[in-house]
Every structure is written in C-alpha cells, then in structure tokens.
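The block underneath contains the structure these notes are about, expressed in structure tokens.
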Amino acid sequence: MIRIIVILFTFLVVHNSALNGQCDTKCYSLKPFPQDLTIDYKKTNVYTEKSRFFETSMPYTAFNYGNEDRTVLIRADRYIIYNGNSYYKNLILYDIASKQIIDTIITPYFTPFYHIPIVVADIDGDCEVDIFIATSSFIYNDPKERKKILCYTMNGALKWISDVEYGLDKSSEAGLLMTLSVADFNHDGISEVYLGNEIFNGMTGVKLCESKDNRNLFTMSIAANIDDDENLELVMGYTIYKVNIVNPDSLDGNTMIAYNFDINGKYYDGYASLADVNNDGRLDVIVNPQFQNEMGIYIYTFINDSFHLLSKTSNEKFPYYWDGGPVSIYKNRQDSNMNFIFKSLFDGNVLKNYELDGDTIKLKWIQKMNENSDIGYVSIYDFNNDGNYEIVFHDTDSLFVVTERKGKPVKLYSYPCISGTAHEYPLIVGFGNNTKICITCTDRNYDNGRLTIFGPPEGQRWAPAR
C-alpha cells in the first residue's frame, strides 16, 4: 500500500499525537462512506459572503471550534502596504455554518509573503485548539513582539511569546519566509513548534535547537521520520536535518545536524513533498526545484545517513525560473504510477502533471490556465469517492475542478473568481458530513475580497473531508 503525504501549508492542522481519538469521537465512523457518488458539478452550490473582508488572500486554515461539530476558518483581518510589502494583522474566526464572524483575535503584524506563518494545534492536551503565529519584523510592531512566535488560546488570550527572536542570522525579511508547523520530534509527549530550521518548545516558547546551515532560505520545512531511527527529521529541499532533543527547557544538549544532497556536485534547492514512492515502507523526498534550468523534479531517499537518487525528470528543457512550489501527489485507483502536479507560471502558464515511470519522471499532460498574479498551488480530493482524484486549482480568473480520464485532463467545473493568487491552495474542509471548497474572490483591482464557499447541490453529497 502506498503511503502518501501531501503537504498543503494553507490548511496544515496538527493535533497532539497522544490525543488521537480522545477529544472528538464524532469524527470517526464504523460505517464506510458510499463509493461512486453521482455528482452534478454544474449545479454546484456557491455562497459569497456579503460583508467585505479587508484583504484578498485565502483562508489560512480550518478547525473544529471548542470540540464541537463546528467548522471555523481563520483569515487575516486587515493589512497595510509598506515599502511595497503587505503586512497583515489580527485573525478572524469565521463559522461556516452560521456564516458569521464569531471572534477576532488581536495580533501583531505578520507577513505571509510565500508561506503561511500560522498553525493550529491542541498543544497541551486539553482538547482546545491553540493558535500559533510568527510575527513580522515590521516597524509598527511592538519591539518585544517583532520576529517572535506567539501562542494564543482559541478565545484570543495570549499564552506565551517565544523567548528569543527567530531568524536572527537571516539577512532580510525575505529570508524569513518559512511555514510555521508543529511536531513532536522525540516522541516525549511535548510537541515542538518549528519554523524553517529553528525549533521551539510548544508549551513554553523556549528555543530548543537550530542549525546555522542556512542555504535553504525560500523553502518550507517538513517534520517526518525519513531514516530508520525513532526521531523525526526535518526536511528542507536538498537538506535533511537530524534532530536530537534531550532538554525541553533550553538549547543546552540539543543538536541539529545538516546533511546536504548534491547531484553531480550541484545543489538543487526547492520545495519538498513526501511519499513512499518505491513501496519500501520508508518516506522519500520529492523536490520541485526553484531557480535552475537542468534538473526539474527529482526524488531521493536517506538511508544510514547517506543520500540515494531514486528518480528525476529527463528529456525536457526547463526554464531558468522554475518556481512551481511543492508538488501535490496522487495515485488513482486504476493507475500503476504515482502522479506529481503543480502550477507552472513561468513555463507556459499551465498546470503540469508528471508521472513516475520506473526511475524516470515523465511529463504526462498539461492544462492551460490564466495566471497573471503569482504562484499558486493545487489541492487534490476524491469528491465522489470513486478512487479517482479530482484536482482543484485557482488561477487569476477562475476556480477549476479537473479530473483525469484516459491519461488526459477533463474539466468538470469552473467558476469565475478574480483573485490575486499568492502561494496558496484552495482550502478543502470538512463540514458536518459534507465537504466545502473555500477561496477568496475579489474585484478587478484585487480589492474587496469576499469569502466564497462551494458545496454540493441540494440532495447530493461530497465525500466528507474528515
């Protein structure tokens, strides 16, 4: 059985591993969901929020509010532009069922340039979500809150501020573009919060370890068990960090060692995704490089502290600017090969789908799009539960749902929705026994962003996303 991890950093929701199944038992069912649902995408139900939101970006994440069967979105409240950069402030909690704002959490300014500096998790096991945010160095922030990680309760109370700034050895704000995430690296029951290659205690905010090897400035980091020991490693593009945390109260005694993978003497940095591509029970790393012109996607594994190249693209000319972001991964029921898909703005303005064929990654098909804003990413979901995945993506003009038939893309649904995309996924969330797609639509100037929610028509269901 193929194990697949698709990293979607717009809605990364992490729960403490010690609590699985203890808080919200309603999200489990012994009755299997029906397969091969009949879905009429042309009758998709669309709801547009009538009140104006003050920013244009997507909802960041979704969670169950107060251990209730109540799906809540987190969005930024407002932003200002300073020296050409957008700085966001405050978090809106929006209830999908009532279509009402239920709370606004007052925060310092943060900067979601390329990655999402927000994550939610039940960090202390009280069955209540905590909200973590990495603040910006913006001059309008209180000096004590600049470049810090802050932890809030679901009700907006501040629990802690990290003891030190993050990114002290990064030379610019652009070098701080990392995704905030949560993991328990040493399985001691105390989850850590990590940003790039820096790790903090999730209960107190105390910094525990970091690496001075800062080659991977524009990539996301992923915590996963890549090798054969019990601890989690930190994956960033071509770098594997071996993490050993023995002291939960300070930096003393904790270590983080960087292993860097070169191909023929060159380092090809990029966004990492994880999957067991060769069915050996071990996760492998799929890298979609950034600024290079001779490699394309490549896959490697890490065994006994050594790297092994498994697969790479071949017989294709790549543009120099290849910023496609992390690939989304899927394998349809009838397929024998794994698929990797991403939006390629600078290589023809297309959605590109590659498949793994032995030790070669080959271009399978492309789908034209109209992306005139920025890089965006692709969400994968099986809405009708037939074993064949649907592909959801959003360009500057529209939301699309595409599937694959006989090795070719087939458009199932499109909806006009102008938006200045900026390194985000369409957010697919569980809602009761159903599923919704949440995005933001704006006017022609990319202003007056309004939350837009897509769902099945009356009398139909989409397979639940939880």
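By convention in this document, the chains of the structure tokens carry letters A, B, ... by their order, each chain's residues are numbered from 1, and ligands are numbered from 1 in the order they are shown.
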
For Asn197 in chain A, find every residue with an atom within 9 Å (counting only C-alpha atoms), except residues of its own chain fewer than 3 positions away, and show them as a PyMOL selection string.
chain A and resi 194+209-214+221+234-236+241+256

Would you mind exporting C-alpha atoms of the selected residues as a CSV table (one decimal), in the first residue's frame?
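Result saved to result36.csv:
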```
chain,number,residue,atom,x,y,z
A,194,TYR,CA,9.2,24.8,14.2
A,209,CYS,CA,17.7,24.0,18.7
A,210,GLU,CA,18.6,25.5,15.4
A,211,SER,CA,21.1,25.0,12.5
A,212,LYS,CA,23.5,27.6,11.2
A,213,ASP,CA,23.4,25.9,7.8
A,214,ASN,CA,21.0,28.4,6.1
A,221,SER,CA,10.4,22.5,6.2
A,234,LEU,CA,13.5,18.0,9.4
A,235,VAL,CA,13.4,18.1,5.6
A,236,MET,CA,14.1,21.2,3.6
A,241,TYR,CA,18.4,17.8,9.5
A,256,MET,CA,20.6,19.6,14.8
```

What residues in range 139-286 of chain A get the DSSP label helix (DSSP H, G or I)? Please answer as a PyMOL selection string.
chain A and resi 143-145+173-176

So that I can see what lies close to range 259-274 of chain A, please list as an NGL selection string the residues with an atom at most 6 Å from it, counting only C-alpha atoms and leaving out residues fewer than 3 positions away in the same chain.
:A and (5 or 219 or 237-240 or 284-290 or 325-326)

Using only C-alpha atoms, which residue out of A:Gln367, A:Ser306, A:Asn45, A:Asn201 lies closest to Cys151 in chain A?
A:Asn201

Which parts of range 201-442 of chain A does DSSP call strand (DSSP E or B) when run on the backbone here, written out as an MDAnalysis selection string?
chainID A and resid 201 207:210 222:224 233:236 239:244 255:260 263 266 270:275 284:289 291 298:303 306:313 321 328:330 339:344 350:357 360:368 379:381 390:394 398:405 408:416 427:431 434:441

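Atom pair CA of Asn90 in chain A / CA of Ile106 in chain A: separated by 4.6 Å.
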
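Nearest residue to Glu192 in chain A, choosing from A:Met220, A:Ile245, A:Ile437, A:Ala157 and counting only C-alpha atoms: A:Ile245.
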
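Candidate residues A:Met154, A:Thr179, A:Asp122, A:Asp142 were compared for distance to Gly202 in chain A, and the nearest is A:Asp122, using only C-alpha atoms.
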
Determine, counting only C-alpha atoms, which protein, DNA and RNA residues have an atom within 8 Å of an atom of range 124-136 of chain A; residues of the same chain fewer than 3 positions away are not included. Present the result as a ChimeraX atom specification.
/A:16,18-19,23,63,65-67,87,108-111,117-121,141,145-154,173,180,190,203

Next, the residues of the selection above should be written as a short mmCIF file (atom, residue, chain, number, x, y, z; two decimals), in the first residue's frame with N, CA and C atoms.
```cif
data_model
loop_
_atom_site.label_atom_id
_atom_site.label_comp_id
_atom_site.auth_asym_id
_atom_site.auth_seq_id
_atom_site.Cartn_x
_atom_site.Cartn_y
_atom_site.Cartn_z
N ASN A 16 -1.97 16.91 18.71
CA ASN A 16 -1.02 16.17 19.50
C ASN A 16 -1.24 14.67 19.31
N ALA A 18 -0.61 12.20 21.08
CA ALA A 18 -1.08 11.46 22.25
C ALA A 18 -2.58 11.54 22.43
N LEU A 19 -3.23 12.39 21.63
CA LEU A 19 -4.65 12.63 21.84
C LEU A 19 -5.53 12.03 20.77
N CYS A 23 -10.52 13.35 21.87
CA CYS A 23 -11.25 14.61 22.04
C CYS A 23 -12.56 14.62 21.27
N PHE A 63 -10.58 24.55 11.58
CA PHE A 63 -10.52 23.65 12.72
C PHE A 63 -11.89 23.52 13.34
N TYR A 65 -14.25 24.11 16.31
CA TYR A 65 -14.28 25.12 17.37
C TYR A 65 -14.80 24.52 18.67
N GLY A 66 -13.99 24.59 19.71
CA GLY A 66 -14.42 24.16 21.04
C GLY A 66 -14.83 22.71 21.12
N ASN A 67 -14.17 21.83 20.35
CA ASN A 67 -14.52 20.41 20.34
C ASN A 67 -15.98 20.20 19.98
N TYR A 87 1.61 43.75 4.98
CA TYR A 87 1.71 43.27 6.35
C TYR A 87 0.30 43.10 6.90
N PRO A 108 -0.10 41.05 16.56
CA PRO A 108 0.82 41.94 15.85
C PRO A 108 0.76 41.66 14.35
N TYR A 109 1.50 42.45 13.58
CA TYR A 109 1.57 42.23 12.13
C TYR A 109 2.40 40.99 11.82
N PHE A 110 1.98 40.28 10.78
CA PHE A 110 2.72 39.13 10.28
C PHE A 110 2.81 39.24 8.76
N THR A 111 3.65 38.40 8.15
CA THR A 111 3.97 38.57 6.74
C THR A 111 3.87 37.27 5.97
N PRO A 117 2.47 31.80 8.08
CA PRO A 117 3.06 31.85 9.42
C PRO A 117 2.06 31.57 10.53
N ILE A 118 1.06 30.72 10.27
CA ILE A 118 0.01 30.41 11.25
C ILE A 118 -0.21 28.90 11.26
N VAL A 119 -0.39 28.34 12.43
CA VAL A 119 -0.75 26.93 12.55
C VAL A 119 -1.61 26.76 13.79
N VAL A 120 -2.51 25.78 13.78
CA VAL A 120 -3.33 25.47 14.94
C VAL A 120 -3.05 24.05 15.41
N ALA A 121 -3.10 23.83 16.72
CA ALA A 121 -2.85 22.51 17.29
C ALA A 121 -3.35 22.48 18.73
N ASN A 141 5.18 46.98 14.67
CA ASN A 141 5.01 46.03 15.77
C ASN A 141 5.78 46.51 17.00
N GLU A 145 7.65 42.22 20.30
CA GLU A 145 6.85 41.23 19.57
C GLU A 145 7.33 41.04 18.13
N ARG A 146 8.44 41.66 17.77
CA ARG A 146 8.96 41.51 16.42
C ARG A 146 9.71 40.20 16.27
N LYS A 147 9.42 39.49 15.14
CA LYS A 147 10.10 38.22 14.83
C LYS A 147 10.02 37.25 16.01
N LYS A 148 8.84 37.18 16.59
CA LYS A 148 8.61 36.23 17.68
C LYS A 148 7.50 35.26 17.27
N ILE A 149 7.46 34.11 17.93
CA ILE A 149 6.34 33.18 17.80
C ILE A 149 5.43 33.40 19.00
N LEU A 150 4.14 33.62 18.73
CA LEU A 150 3.16 33.85 19.79
C LEU A 150 2.15 32.72 19.79
N CYS A 151 1.71 32.32 20.98
CA CYS A 151 0.69 31.27 21.13
C CYS A 151 -0.54 31.87 21.80
N TYR A 152 -1.70 31.69 21.16
CA TYR A 152 -2.98 32.18 21.69
C TYR A 152 -3.92 31.01 21.96
N THR A 153 -4.80 31.19 22.92
CA THR A 153 -5.90 30.26 23.08
C THR A 153 -6.92 30.50 21.97
N MET A 154 -7.85 29.58 21.84
CA MET A 154 -8.91 29.72 20.85
C MET A 154 -9.74 30.97 21.10
N GLU A 173 13.93 40.23 5.48
CA GLU A 173 12.57 39.72 5.70
C GLU A 173 12.28 38.59 4.74
N LEU A 180 5.14 27.91 9.47
CA LEU A 180 5.10 27.54 10.87
C LEU A 180 4.36 26.20 11.01
N ILE A 190 5.69 16.11 24.39
CA ILE A 190 5.73 17.58 24.37
C ILE A 190 5.98 18.01 22.93
N MET A 203 5.00 24.23 24.43
CA MET A 203 4.29 24.56 25.66
C MET A 203 4.73 25.89 26.26
#
```

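Straight-line separation from CA of Ser414 in chain A to CA of Ala97 in chain A: 23.9 Å.
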
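The interatomic distance for the pair CA of Leu351 in chain A and CA of Val46 in chain A works out to 24.1 Å.
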
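When only C-alpha atoms are used to compute distances to Asn155 in chain A, the closest of the residues A:Ile102, A:Ala258, A:Ile222, A:Val327 turns out to be A:Ile102.
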